[in-house]
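Here is the file final17.txt (compact mmCIF, N, CA and C atoms).
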# COMPACT_ATOMS: atom_id res chain seq x y z
N MET A 21 -24.61 157.54 275.15
CA MET A 21 -24.29 156.42 274.29
C MET A 21 -24.44 156.89 272.83
N THR A 22 -23.45 156.58 272.05
CA THR A 22 -23.47 157.03 270.66
C THR A 22 -24.36 156.13 269.82
N LEU A 23 -24.66 156.63 268.64
CA LEU A 23 -25.48 155.87 267.70
C LEU A 23 -24.78 154.58 267.30
N ARG A 24 -23.47 154.68 267.12
CA ARG A 24 -22.70 153.50 266.71
C ARG A 24 -22.75 152.40 267.78
N SER A 25 -22.61 152.77 269.05
CA SER A 25 -22.65 151.76 270.11
C SER A 25 -24.04 151.18 270.27
N ARG A 26 -25.08 152.00 270.07
CA ARG A 26 -26.45 151.47 270.12
C ARG A 26 -26.69 150.49 268.99
N THR A 27 -26.14 150.81 267.82
CA THR A 27 -26.28 149.91 266.67
C THR A 27 -25.57 148.59 266.96
N ARG A 28 -24.40 148.65 267.54
CA ARG A 28 -23.67 147.42 267.86
C ARG A 28 -24.41 146.58 268.88
N ILE A 29 -24.99 147.22 269.87
CA ILE A 29 -25.76 146.49 270.89
C ILE A 29 -26.96 145.82 270.24
N ARG A 30 -27.66 146.53 269.35
CA ARG A 30 -28.81 145.95 268.66
C ARG A 30 -28.39 144.77 267.80
N GLU A 31 -27.27 144.91 267.09
CA GLU A 31 -26.77 143.82 266.25
C GLU A 31 -26.37 142.62 267.11
N PHE A 32 -25.77 142.88 268.24
CA PHE A 32 -25.38 141.81 269.15
C PHE A 32 -26.61 141.06 269.66
N ARG A 33 -27.66 141.79 270.02
CA ARG A 33 -28.90 141.15 270.47
C ARG A 33 -29.52 140.32 269.36
N GLN A 34 -29.51 140.84 268.14
CA GLN A 34 -30.06 140.08 267.02
C GLN A 34 -29.25 138.81 266.78
N THR A 35 -27.95 138.90 266.91
CA THR A 35 -27.09 137.73 266.74
C THR A 35 -27.39 136.70 267.82
N LEU A 36 -27.52 137.15 269.05
CA LEU A 36 -27.86 136.22 270.14
C LEU A 36 -29.20 135.55 269.89
N ARG A 37 -30.16 136.32 269.39
CA ARG A 37 -31.48 135.75 269.10
C ARG A 37 -31.38 134.69 268.02
N LEU A 38 -30.60 134.97 266.97
CA LEU A 38 -30.42 133.98 265.90
C LEU A 38 -29.75 132.72 266.42
N VAL A 39 -28.74 132.89 267.26
CA VAL A 39 -28.05 131.73 267.83
C VAL A 39 -29.01 130.93 268.70
N TRP A 40 -29.80 131.60 269.51
CA TRP A 40 -30.74 130.90 270.39
C TRP A 40 -31.80 130.17 269.57
N GLU A 41 -32.33 130.84 268.53
CA GLU A 41 -33.37 130.22 267.69
C GLU A 41 -32.83 129.01 266.95
N SER A 42 -31.56 129.01 266.63
CA SER A 42 -30.99 127.92 265.84
C SER A 42 -30.84 126.64 266.65
N GLY A 43 -30.77 126.73 267.95
CA GLY A 43 -30.63 125.51 268.75
C GLY A 43 -30.34 125.81 270.20
N PRO A 44 -31.36 126.05 270.99
CA PRO A 44 -31.13 126.37 272.40
C PRO A 44 -30.47 125.23 273.17
N ARG A 45 -30.70 123.98 272.72
CA ARG A 45 -30.07 122.84 273.41
C ARG A 45 -28.56 122.95 273.37
N TRP A 46 -28.03 123.36 272.21
CA TRP A 46 -26.57 123.41 272.06
C TRP A 46 -25.97 124.53 272.88
N ILE A 47 -26.72 125.59 273.10
CA ILE A 47 -26.24 126.66 273.98
C ILE A 47 -26.15 126.14 275.41
N VAL A 48 -27.18 125.42 275.83
CA VAL A 48 -27.18 124.86 277.18
C VAL A 48 -26.03 123.87 277.34
N VAL A 49 -25.82 123.02 276.33
CA VAL A 49 -24.72 122.04 276.38
C VAL A 49 -23.38 122.76 276.45
N ALA A 50 -23.20 123.79 275.63
CA ALA A 50 -21.94 124.54 275.61
C ALA A 50 -21.67 125.21 276.95
N VAL A 51 -22.70 125.81 277.55
CA VAL A 51 -22.53 126.47 278.84
C VAL A 51 -22.23 125.44 279.92
N ALA A 52 -22.94 124.31 279.89
CA ALA A 52 -22.70 123.25 280.89
C ALA A 52 -21.26 122.72 280.78
N LEU A 53 -20.80 122.51 279.56
CA LEU A 53 -19.43 122.04 279.38
C LEU A 53 -18.41 123.08 279.83
N LEU A 54 -18.71 124.34 279.59
CA LEU A 54 -17.81 125.41 280.04
C LEU A 54 -17.74 125.44 281.56
N LEU A 55 -18.88 125.30 282.22
CA LEU A 55 -18.90 125.27 283.68
C LEU A 55 -18.16 124.04 284.21
N LEU A 56 -18.34 122.91 283.55
CA LEU A 56 -17.64 121.69 283.95
C LEU A 56 -16.13 121.84 283.78
N GLN A 57 -15.71 122.43 282.67
CA GLN A 57 -14.28 122.67 282.45
C GLN A 57 -13.71 123.60 283.51
N THR A 58 -14.48 124.60 283.90
CA THR A 58 -14.04 125.51 284.96
C THR A 58 -13.89 124.76 286.27
N GLY A 59 -14.85 123.92 286.58
CA GLY A 59 -14.76 123.11 287.79
C GLY A 59 -13.58 122.15 287.76
N VAL A 60 -13.30 121.57 286.61
CA VAL A 60 -12.16 120.67 286.48
C VAL A 60 -10.86 121.43 286.70
N SER A 61 -10.77 122.63 286.15
CA SER A 61 -9.57 123.45 286.34
C SER A 61 -9.37 123.80 287.81
N LEU A 62 -10.44 124.16 288.47
CA LEU A 62 -10.34 124.47 289.90
C LEU A 62 -9.99 123.21 290.70
N GLY A 63 -10.54 122.08 290.30
CA GLY A 63 -10.20 120.82 290.96
C GLY A 63 -8.74 120.47 290.78
N ALA A 64 -8.20 120.72 289.60
CA ALA A 64 -6.78 120.45 289.35
C ALA A 64 -5.91 121.34 290.23
N LEU A 65 -6.29 122.59 290.38
CA LEU A 65 -5.53 123.49 291.26
C LEU A 65 -5.58 123.02 292.71
N TYR A 66 -6.74 122.57 293.13
CA TYR A 66 -6.88 122.08 294.51
C TYR A 66 -6.05 120.82 294.71
N LEU A 67 -6.04 119.92 293.74
CA LEU A 67 -5.21 118.72 293.84
C LEU A 67 -3.73 119.07 293.90
N LEU A 68 -3.33 120.07 293.14
CA LEU A 68 -1.94 120.53 293.19
C LEU A 68 -1.60 121.05 294.58
N LYS A 69 -2.52 121.79 295.17
CA LYS A 69 -2.32 122.30 296.54
C LYS A 69 -2.16 121.14 297.53
N LEU A 70 -3.03 120.13 297.40
CA LEU A 70 -2.94 118.97 298.29
C LEU A 70 -1.63 118.22 298.09
N TRP A 71 -1.19 118.12 296.83
CA TRP A 71 0.06 117.43 296.54
C TRP A 71 1.25 118.16 297.16
N VAL A 72 1.27 119.48 297.03
CA VAL A 72 2.34 120.28 297.63
C VAL A 72 2.31 120.14 299.15
N ASP A 73 1.13 120.13 299.74
CA ASP A 73 1.01 119.95 301.19
C ASP A 73 1.57 118.60 301.62
N ALA A 74 1.24 117.55 300.86
CA ALA A 74 1.72 116.20 301.21
C ALA A 74 3.24 116.11 301.09
N VAL A 75 3.78 116.67 300.03
CA VAL A 75 5.25 116.65 299.85
C VAL A 75 5.91 117.50 300.94
N ALA A 76 5.35 118.63 301.27
CA ALA A 76 5.91 119.49 302.31
C ALA A 76 5.89 118.79 303.66
N LEU A 77 4.84 118.03 303.92
CA LEU A 77 4.75 117.28 305.18
C LEU A 77 5.85 116.22 305.27
N SER A 78 6.11 115.52 304.17
CA SER A 78 7.16 114.50 304.20
C SER A 78 8.54 115.13 304.34
N VAL A 79 8.74 116.33 303.77
CA VAL A 79 10.02 117.02 303.90
C VAL A 79 10.17 117.56 305.32
N ARG A 80 9.11 118.10 305.86
CA ARG A 80 9.14 118.68 307.20
C ARG A 80 9.43 117.62 308.26
N THR A 81 8.88 116.44 308.09
CA THR A 81 9.06 115.37 309.08
C THR A 81 10.31 114.55 308.81
N LEU A 82 11.01 114.83 307.70
CA LEU A 82 12.21 114.10 307.30
C LEU A 82 11.93 112.61 307.13
N ASP A 83 10.70 112.30 306.80
CA ASP A 83 10.31 110.91 306.53
C ASP A 83 9.77 110.85 305.11
N PRO A 84 10.59 110.41 304.13
CA PRO A 84 10.15 110.43 302.74
C PRO A 84 8.97 109.49 302.45
N LEU A 85 8.75 108.51 303.29
CA LEU A 85 7.65 107.58 303.05
C LEU A 85 6.33 108.08 303.65
N ARG A 86 6.43 109.06 304.51
CA ARG A 86 5.21 109.59 305.14
C ARG A 86 4.40 110.32 304.08
N GLY A 87 3.17 109.99 303.94
CA GLY A 87 2.29 110.62 302.97
C GLY A 87 2.45 110.07 301.56
N LEU A 88 3.23 108.99 301.40
CA LEU A 88 3.45 108.43 300.07
C LEU A 88 2.14 107.91 299.46
N ASP A 89 1.31 107.27 300.28
CA ASP A 89 0.02 106.78 299.77
C ASP A 89 -0.86 107.95 299.33
N GLU A 90 -0.82 109.03 300.08
CA GLU A 90 -1.62 110.21 299.71
C GLU A 90 -1.11 110.81 298.40
N VAL A 91 0.22 110.85 298.23
CA VAL A 91 0.79 111.39 296.99
C VAL A 91 0.40 110.51 295.81
N LYS A 92 0.44 109.19 295.99
CA LYS A 92 0.03 108.28 294.91
C LYS A 92 -1.43 108.51 294.54
N PHE A 93 -2.27 108.64 295.56
CA PHE A 93 -3.69 108.88 295.30
C PHE A 93 -3.89 110.21 294.57
N LEU A 94 -3.15 111.25 294.98
CA LEU A 94 -3.29 112.56 294.36
C LEU A 94 -2.80 112.54 292.91
N ILE A 95 -1.77 111.78 292.63
CA ILE A 95 -1.31 111.66 291.25
C ILE A 95 -2.37 110.96 290.40
N PHE A 96 -2.97 109.90 290.94
CA PHE A 96 -4.05 109.21 290.23
C PHE A 96 -5.26 110.14 290.03
N ALA A 97 -5.60 110.89 291.07
CA ALA A 97 -6.73 111.83 290.97
C ALA A 97 -6.43 112.91 289.93
N ALA A 98 -5.18 113.39 289.88
CA ALA A 98 -4.81 114.40 288.89
C ALA A 98 -4.92 113.83 287.48
N PHE A 99 -4.55 112.56 287.32
CA PHE A 99 -4.71 111.90 286.03
C PHE A 99 -6.18 111.86 285.62
N LEU A 100 -7.04 111.49 286.55
CA LEU A 100 -8.49 111.44 286.25
C LEU A 100 -9.03 112.83 285.92
N VAL A 101 -8.59 113.83 286.66
CA VAL A 101 -9.05 115.20 286.40
C VAL A 101 -8.59 115.65 285.02
N ALA A 102 -7.34 115.33 284.66
CA ALA A 102 -6.84 115.69 283.33
C ALA A 102 -7.62 114.97 282.24
N LEU A 103 -7.98 113.72 282.49
CA LEU A 103 -8.77 112.95 281.53
C LEU A 103 -10.15 113.57 281.34
N VAL A 104 -10.78 113.93 282.44
CA VAL A 104 -12.11 114.55 282.36
C VAL A 104 -12.00 115.91 281.66
N GLY A 105 -10.95 116.66 281.96
CA GLY A 105 -10.75 117.94 281.30
C GLY A 105 -10.57 117.80 279.80
N SER A 106 -9.80 116.80 279.39
CA SER A 106 -9.61 116.56 277.95
C SER A 106 -10.91 116.14 277.29
N LEU A 107 -11.66 115.28 277.95
CA LEU A 107 -12.95 114.85 277.42
C LEU A 107 -13.91 116.03 277.28
N CYS A 108 -13.92 116.91 278.26
CA CYS A 108 -14.77 118.11 278.19
C CYS A 108 -14.34 118.98 277.02
N GLY A 109 -13.04 119.10 276.79
CA GLY A 109 -12.55 119.90 275.67
C GLY A 109 -13.01 119.34 274.34
N VAL A 110 -12.92 118.01 274.19
CA VAL A 110 -13.35 117.37 272.94
C VAL A 110 -14.86 117.55 272.76
N LEU A 111 -15.62 117.32 273.81
CA LEU A 111 -17.08 117.47 273.71
C LEU A 111 -17.47 118.92 273.45
N SER A 112 -16.73 119.84 274.03
CA SER A 112 -17.01 121.26 273.81
C SER A 112 -16.76 121.64 272.35
N GLU A 113 -15.68 121.14 271.78
CA GLU A 113 -15.39 121.40 270.36
C GLU A 113 -16.47 120.78 269.47
N LEU A 114 -16.91 119.57 269.81
CA LEU A 114 -17.98 118.92 269.04
C LEU A 114 -19.26 119.74 269.12
N ALA A 115 -19.61 120.18 270.32
CA ALA A 115 -20.82 120.99 270.50
C ALA A 115 -20.71 122.30 269.72
N ARG A 116 -19.52 122.90 269.72
CA ARG A 116 -19.32 124.14 268.98
C ARG A 116 -19.52 123.94 267.49
N ARG A 117 -18.99 122.84 266.97
CA ARG A 117 -19.14 122.56 265.53
C ARG A 117 -20.60 122.28 265.16
N VAL A 118 -21.28 121.50 265.98
CA VAL A 118 -22.68 121.19 265.70
C VAL A 118 -23.53 122.47 265.80
N GLN A 119 -23.24 123.29 266.81
CA GLN A 119 -23.98 124.54 266.96
C GLN A 119 -23.70 125.46 265.79
N SER A 120 -22.47 125.52 265.34
CA SER A 120 -22.12 126.37 264.20
C SER A 120 -22.88 125.94 262.95
N GLN A 121 -22.97 124.63 262.73
CA GLN A 121 -23.72 124.13 261.58
C GLN A 121 -25.21 124.42 261.73
N ALA A 122 -25.73 124.28 262.95
CA ALA A 122 -27.14 124.57 263.19
C ALA A 122 -27.45 126.05 262.93
N ILE A 123 -26.54 126.93 263.31
CA ILE A 123 -26.73 128.36 263.06
C ILE A 123 -26.73 128.63 261.57
N ALA A 124 -25.76 128.04 260.85
CA ALA A 124 -25.68 128.24 259.40
C ALA A 124 -26.95 127.72 258.72
N ASP A 125 -27.43 126.56 259.13
CA ASP A 125 -28.65 126.00 258.55
C ASP A 125 -29.86 126.90 258.84
N HIS A 126 -29.93 127.42 260.06
CA HIS A 126 -31.06 128.27 260.44
C HIS A 126 -31.06 129.56 259.63
N VAL A 127 -29.90 130.19 259.50
CA VAL A 127 -29.81 131.44 258.74
C VAL A 127 -30.13 131.17 257.27
N GLN A 128 -29.62 130.06 256.74
CA GLN A 128 -29.92 129.71 255.35
C GLN A 128 -31.43 129.50 255.16
N SER A 129 -32.07 128.87 256.14
CA SER A 129 -33.51 128.66 256.08
C SER A 129 -34.26 130.00 256.09
N LEU A 130 -33.80 130.93 256.91
CA LEU A 130 -34.43 132.26 256.94
C LEU A 130 -34.27 132.97 255.61
N VAL A 131 -33.10 132.86 255.01
CA VAL A 131 -32.85 133.51 253.72
C VAL A 131 -33.75 132.91 252.65
N VAL A 132 -33.84 131.60 252.61
CA VAL A 132 -34.69 130.94 251.61
C VAL A 132 -36.15 131.32 251.81
N HIS A 133 -36.57 131.36 253.07
CA HIS A 133 -37.96 131.72 253.36
C HIS A 133 -38.26 133.15 252.90
N LYS A 134 -37.34 134.07 253.18
CA LYS A 134 -37.54 135.46 252.75
C LYS A 134 -37.49 135.57 251.23
N ALA A 135 -36.58 134.83 250.60
CA ALA A 135 -36.46 134.89 249.15
C ALA A 135 -37.73 134.36 248.47
N ALA A 136 -38.38 133.41 249.10
CA ALA A 136 -39.61 132.85 248.53
C ALA A 136 -40.77 133.85 248.61
N GLN A 137 -40.69 134.81 249.51
CA GLN A 137 -41.76 135.79 249.67
C GLN A 137 -41.62 136.99 248.72
N VAL A 138 -40.48 137.11 248.09
CA VAL A 138 -40.23 138.27 247.22
C VAL A 138 -40.88 138.03 245.86
N GLU A 139 -41.37 139.09 245.29
CA GLU A 139 -41.98 138.99 243.96
C GLU A 139 -40.93 138.59 242.93
N LEU A 140 -41.39 137.89 241.90
CA LEU A 140 -40.46 137.40 240.88
C LEU A 140 -39.77 138.53 240.12
N SER A 141 -40.37 139.69 240.07
CA SER A 141 -39.75 140.80 239.34
C SER A 141 -38.42 141.23 239.98
N HIS A 142 -38.27 140.99 241.26
CA HIS A 142 -37.02 141.35 241.94
C HIS A 142 -35.85 140.50 241.43
N TYR A 143 -36.16 139.30 241.00
CA TYR A 143 -35.09 138.41 240.53
C TYR A 143 -34.51 138.88 239.19
N GLU A 144 -35.23 139.72 238.49
CA GLU A 144 -34.72 140.28 237.25
C GLU A 144 -33.78 141.45 237.51
N ASN A 145 -33.79 141.97 238.72
CA ASN A 145 -32.92 143.07 239.11
C ASN A 145 -31.56 142.50 239.51
N ALA A 146 -30.50 142.91 238.81
CA ALA A 146 -29.16 142.37 239.05
C ALA A 146 -28.66 142.70 240.46
N GLN A 147 -28.97 143.89 240.96
CA GLN A 147 -28.52 144.26 242.31
C GLN A 147 -29.15 143.36 243.37
N TYR A 148 -30.45 143.10 243.23
CA TYR A 148 -31.12 142.23 244.18
C TYR A 148 -30.55 140.82 244.11
N TYR A 149 -30.35 140.33 242.89
CA TYR A 149 -29.84 138.97 242.72
C TYR A 149 -28.43 138.86 243.31
N ASP A 150 -27.59 139.87 243.10
CA ASP A 150 -26.24 139.85 243.67
C ASP A 150 -26.30 139.88 245.20
N MET A 151 -27.18 140.71 245.73
CA MET A 151 -27.32 140.78 247.18
C MET A 151 -27.80 139.44 247.74
N LEU A 152 -28.77 138.83 247.10
CA LEU A 152 -29.28 137.53 247.55
C LEU A 152 -28.17 136.49 247.50
N HIS A 153 -27.40 136.50 246.44
CA HIS A 153 -26.30 135.54 246.31
C HIS A 153 -25.26 135.74 247.42
N ARG A 154 -24.93 137.00 247.72
CA ARG A 154 -23.96 137.28 248.79
C ARG A 154 -24.50 136.84 250.15
N VAL A 155 -25.77 137.08 250.39
CA VAL A 155 -26.36 136.68 251.67
C VAL A 155 -26.35 135.16 251.80
N GLN A 156 -26.72 134.46 250.73
CA GLN A 156 -26.71 133.00 250.78
C GLN A 156 -25.29 132.47 250.98
N PHE A 157 -24.33 133.07 250.33
CA PHE A 157 -22.94 132.61 250.45
C PHE A 157 -22.38 132.90 251.83
N ASP A 158 -22.69 134.10 252.37
CA ASP A 158 -22.14 134.50 253.68
C ASP A 158 -22.90 133.88 254.84
N ALA A 159 -24.08 133.37 254.59
CA ALA A 159 -24.86 132.79 255.69
C ALA A 159 -24.13 131.61 256.28

Mind converting the file's structure to structure tokens?
Amino acid sequence: MTLRSRTRIREFRQTLRLVWESGPRWIVVAVALLLLQTGVSLGALYLLKLWVDAVALSVRTLDPLRGLDEVKFLIFAAFLVALVGSLCGVLSELARRVQSQAIADHVQSLVVHKAAQVELSHYENAQYYDMLHRVQFDA
């Protein structure tokens, strides 16, 4: 493993730690919503399979009314699944935005805390002040 890849792994771990420290609840919510969206997608595929089976049965038996109640139910179920999927998408976006703001607030808090620990003489140094300003802006 090269030095560059080890550095990237370390930076990735530090980023994950910062994200976790900023709000573990939002990570849990985001993962739960992602799992729910995955389940909804799989449910939609299964409903499509059932719908194709019902239509194929009515074609095979040459009775267009056979399985009509099942097809109606499957269309209604697909509507509900699509509604739940859309709701999960909206909630997932909301959780992402709240988590993003929580991360920014946490990093800003860390920067302010570190800046408060620095001796006042550092603030007279233009390089330090520029670096501090960039960190605060990029946080």

List as an mmCIF file with N, CA and C atoms, in the frame of the given file the protein and nucleic acid residues near Leu67 of chain A, meaning an atom at most 12 Å away when only C-alpha atoms are counted, but skip any in the same chain fewer than 2 places from it.
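Once written, out.cif looks like this:
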data_model
loop_
_atom_site.group_PDB
_atom_site.id
_atom_site.type_symbol
_atom_site.label_atom_id
_atom_site.label_comp_id
_atom_site.auth_asym_id
_atom_site.auth_seq_id
_atom_site.Cartn_x
_atom_site.Cartn_y
_atom_site.Cartn_z
ATOM 1 N N VAL A 60 -13.300 121.570 286.610
ATOM 2 C CA VAL A 60 -12.160 120.670 286.480
ATOM 3 C C VAL A 60 -10.860 121.430 286.700
ATOM 4 N N SER A 61 -10.770 122.630 286.150
ATOM 5 C CA SER A 61 -9.570 123.450 286.340
ATOM 6 C C SER A 61 -9.370 123.800 287.810
ATOM 7 N N LEU A 62 -10.440 124.160 288.470
ATOM 8 C CA LEU A 62 -10.340 124.470 289.900
ATOM 9 C C LEU A 62 -9.990 123.210 290.700
ATOM 10 N N GLY A 63 -10.540 122.080 290.300
ATOM 11 C CA GLY A 63 -10.200 120.820 290.960
ATOM 12 C C GLY A 63 -8.740 120.470 290.780
ATOM 13 N N ALA A 64 -8.200 120.720 289.600
ATOM 14 C CA ALA A 64 -6.780 120.450 289.350
ATOM 15 C C ALA A 64 -5.910 121.340 290.230
ATOM 16 N N LEU A 65 -6.290 122.590 290.380
ATOM 17 C CA LEU A 65 -5.530 123.490 291.260
ATOM 18 C C LEU A 65 -5.580 123.020 292.710
ATOM 19 N N LYS A 69 -2.520 121.790 295.170
ATOM 20 C CA LYS A 69 -2.320 122.300 296.540
ATOM 21 C C LYS A 69 -2.160 121.140 297.530
ATOM 22 N N LEU A 70 -3.030 120.130 297.400
ATOM 23 C CA LEU A 70 -2.940 118.970 298.290
ATOM 24 C C LEU A 70 -1.630 118.220 298.090
ATOM 25 N N TRP A 71 -1.190 118.120 296.830
ATOM 26 C CA TRP A 71 0.060 117.430 296.540
ATOM 27 C C TRP A 71 1.250 118.160 297.160
ATOM 28 N N VAL A 72 1.270 119.480 297.030
ATOM 29 C CA VAL A 72 2.340 120.280 297.630
ATOM 30 C C VAL A 72 2.310 120.140 299.150
ATOM 31 N N ASP A 73 1.130 120.130 299.740
ATOM 32 C CA ASP A 73 1.010 119.950 301.190
ATOM 33 C C ASP A 73 1.570 118.600 301.620
ATOM 34 N N ALA A 74 1.240 117.550 300.860
ATOM 35 C CA ALA A 74 1.720 116.200 301.210
ATOM 36 C C ALA A 74 3.240 116.110 301.090
ATOM 37 N N GLU A 90 -0.820 109.030 300.080
ATOM 38 C CA GLU A 90 -1.620 110.210 299.710
ATOM 39 C C GLU A 90 -1.110 110.810 298.400
ATOM 40 N N VAL A 91 0.220 110.850 298.230
ATOM 41 C CA VAL A 91 0.790 111.390 296.990
ATOM 42 C C VAL A 91 0.400 110.510 295.810
ATOM 43 N N LYS A 92 0.440 109.190 295.990
ATOM 44 C CA LYS A 92 0.030 108.280 294.910
ATOM 45 C C LYS A 92 -1.430 108.510 294.540
ATOM 46 N N PHE A 93 -2.270 108.640 295.560
ATOM 47 C CA PHE A 93 -3.690 108.880 295.300
ATOM 48 C C PHE A 93 -3.890 110.210 294.570
ATOM 49 N N LEU A 94 -3.150 111.250 294.980
ATOM 50 C CA LEU A 94 -3.290 112.560 294.360
ATOM 51 C C LEU A 94 -2.800 112.540 292.910
ATOM 52 N N ILE A 95 -1.770 111.780 292.630
ATOM 53 C CA ILE A 95 -1.310 111.660 291.250
ATOM 54 C C ILE A 95 -2.370 110.960 290.400
ATOM 55 N N PHE A 96 -2.970 109.900 290.940
ATOM 56 C CA PHE A 96 -4.050 109.210 290.230
ATOM 57 C C PHE A 96 -5.260 110.140 290.030
ATOM 58 N N ALA A 97 -5.600 110.890 291.070
ATOM 59 C CA ALA A 97 -6.730 111.830 290.970
ATOM 60 C C ALA A 97 -6.430 112.910 289.930
ATOM 61 N N ALA A 98 -5.180 113.390 289.880
ATOM 62 C CA ALA A 98 -4.810 114.400 288.890
ATOM 63 C C ALA A 98 -4.920 113.830 287.480
ATOM 64 N N PHE A 99 -4.550 112.560 287.320
ATOM 65 C CA PHE A 99 -4.710 111.900 286.030
ATOM 66 C C PHE A 99 -6.180 111.860 285.620
ATOM 67 N N LEU A 100 -7.040 111.490 286.550
ATOM 68 C CA LEU A 100 -8.490 111.440 286.250
ATOM 69 C C LEU A 100 -9.030 112.830 285.920
ATOM 70 N N VAL A 101 -8.590 113.830 286.660
ATOM 71 C CA VAL A 101 -9.050 115.200 286.400
ATOM 72 C C VAL A 101 -8.590 115.650 285.020
ATOM 73 N N ALA A 102 -7.340 115.330 284.660
ATOM 74 C CA ALA A 102 -6.840 115.690 283.330
ATOM 75 C C ALA A 102 -7.620 114.970 282.240
#

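Closest approach to Ile123 of chain A from the set A:Arg24, A:Arg80, A:Arg37, A:Arg154 is made by A:Arg37, with distances taken over only C-alpha atoms.
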
Listing only residues of segment 32-86 of chain A within 8 Å of segment 126-133 of chain A, what is the closest atom pair and its distance in Å (to one decimal) for each, using all atoms listed in the file, sorted by chain and residue number ascending, as JSON lines?
{"residue": "A:Leu38", "atom": "C", "partner": "A:Val127", "partner_atom": "N", "distance": 7.4}
{"residue": "A:Glu41", "atom": "C", "partner": "A:His126", "partner_atom": "CA", "distance": 6.8}
{"residue": "A:Ser42", "atom": "CA", "partner": "A:His126", "partner_atom": "CA", "distance": 5.4}
{"residue": "A:Gly43", "atom": "N", "partner": "A:His126", "partner_atom": "CA", "distance": 7.7}

To one decimal place, how far is atom CA of Ala135 of chain A from atom N of Met151 of chain A in Å? 11.5 Å

Long-range neighbours of segment 114-122 of chain A as a ChimeraX atom specification, 7 Å cut-off, only N, CA and C atoms, 2 positions minimum in chain: /A:42-43,46-47,49-50,109-112,124-127

Missing atoms in segment 23-35 of chain A: can you complete it with N, CA, C and O atoms, as a PDB file, in the frame of the given file?
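And here is the file that came out, rebuild.pdb:
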ATOM      1  N   LEU A  23     -24.660 156.630 268.640  1.00  0.00           N
ATOM      2  CA  LEU A  23     -25.480 155.870 267.700  1.00  0.00           C
ATOM      3  C   LEU A  23     -24.780 154.580 267.300  1.00  0.00           C
ATOM      4  O   LEU A  23     -25.411 153.533 267.175  1.00  0.00           O
ATOM      5  N   ARG A  24     -23.470 154.680 267.120  1.00  0.00           N
ATOM      6  CA  ARG A  24     -22.700 153.500 266.710  1.00  0.00           C
ATOM      7  C   ARG A  24     -22.750 152.400 267.780  1.00  0.00           C
ATOM      8  O   ARG A  24     -22.915 151.224 267.460  1.00  0.00           O
ATOM      9  N   SER A  25     -22.610 152.770 269.050  1.00  0.00           N
ATOM     10  CA  SER A  25     -22.650 151.760 270.110  1.00  0.00           C
ATOM     11  C   SER A  25     -24.040 151.180 270.270  1.00  0.00           C
ATOM     12  O   SER A  25     -24.200 149.988 270.531  1.00  0.00           O
ATOM     13  N   ARG A  26     -25.080 152.000 270.070  1.00  0.00           N
ATOM     14  CA  ARG A  26     -26.450 151.470 270.120  1.00  0.00           C
ATOM     15  C   ARG A  26     -26.690 150.490 268.990  1.00  0.00           C
ATOM     16  O   ARG A  26     -27.351 149.468 269.173  1.00  0.00           O
ATOM     17  N   THR A  27     -26.140 150.810 267.820  1.00  0.00           N
ATOM     18  CA  THR A  27     -26.280 149.910 266.670  1.00  0.00           C
ATOM     19  C   THR A  27     -25.570 148.590 266.960  1.00  0.00           C
ATOM     20  O   THR A  27     -26.108 147.519 266.651  1.00  0.00           O
ATOM     21  N   ARG A  28     -24.400 148.650 267.540  1.00  0.00           N
ATOM     22  CA  ARG A  28     -23.670 147.420 267.860  1.00  0.00           C
ATOM     23  C   ARG A  28     -24.410 146.580 268.880  1.00  0.00           C
ATOM     24  O   ARG A  28     -24.442 145.355 268.781  1.00  0.00           O
ATOM     25  N   ILE A  29     -24.990 147.220 269.870  1.00  0.00           N
ATOM     26  CA  ILE A  29     -25.760 146.490 270.890  1.00  0.00           C
ATOM     27  C   ILE A  29     -26.960 145.820 270.240  1.00  0.00           C
ATOM     28  O   ILE A  29     -27.260 144.652 270.521  1.00  0.00           O
ATOM     29  N   ARG A  30     -27.660 146.530 269.350  1.00  0.00           N
ATOM     30  CA  ARG A  30     -28.810 145.950 268.660  1.00  0.00           C
ATOM     31  C   ARG A  30     -28.390 144.770 267.800  1.00  0.00           C
ATOM     32  O   ARG A  30     -29.032 143.722 267.805  1.00  0.00           O
ATOM     33  N   GLU A  31     -27.270 144.910 267.090  1.00  0.00           N
ATOM     34  CA  GLU A  31     -26.770 143.820 266.250  1.00  0.00           C
ATOM     35  C   GLU A  31     -26.370 142.620 267.110  1.00  0.00           C
ATOM     36  O   GLU A  31     -26.599 141.472 266.732  1.00  0.00           O
ATOM     37  N   PHE A  32     -25.770 142.880 268.240  1.00  0.00           N
ATOM     38  CA  PHE A  32     -25.380 141.810 269.150  1.00  0.00           C
ATOM     39  C   PHE A  32     -26.610 141.060 269.660  1.00  0.00           C
ATOM     40  O   PHE A  32     -26.619 139.826 269.699  1.00  0.00           O
ATOM     41  N   ARG A  33     -27.660 141.790 270.020  1.00  0.00           N
ATOM     42  CA  ARG A  33     -28.900 141.150 270.470  1.00  0.00           C
ATOM     43  C   ARG A  33     -29.520 140.320 269.360  1.00  0.00           C
ATOM     44  O   ARG A  33     -30.018 139.213 269.609  1.00  0.00           O
ATOM     45  N   GLN A  34     -29.510 140.840 268.140  1.00  0.00           N
ATOM     46  CA  GLN A  34     -30.060 140.080 267.020  1.00  0.00           C
ATOM     47  C   GLN A  34     -29.250 138.810 266.780  1.00  0.00           C
ATOM     48  O   GLN A  34     -29.811 137.751 266.495  1.00  0.00           O
ATOM     49  N   THR A  35     -27.950 138.900 266.910  1.00  0.00           N
ATOM     50  CA  THR A  35     -27.090 137.730 266.740  1.00  0.00           C
ATOM     51  C   THR A  35     -27.390 136.700 267.820  1.00  0.00           C
ATOM     52  O   THR A  35     -27.513 135.505 267.516  1.00  0.00           O
TER      53      THR A  35
END
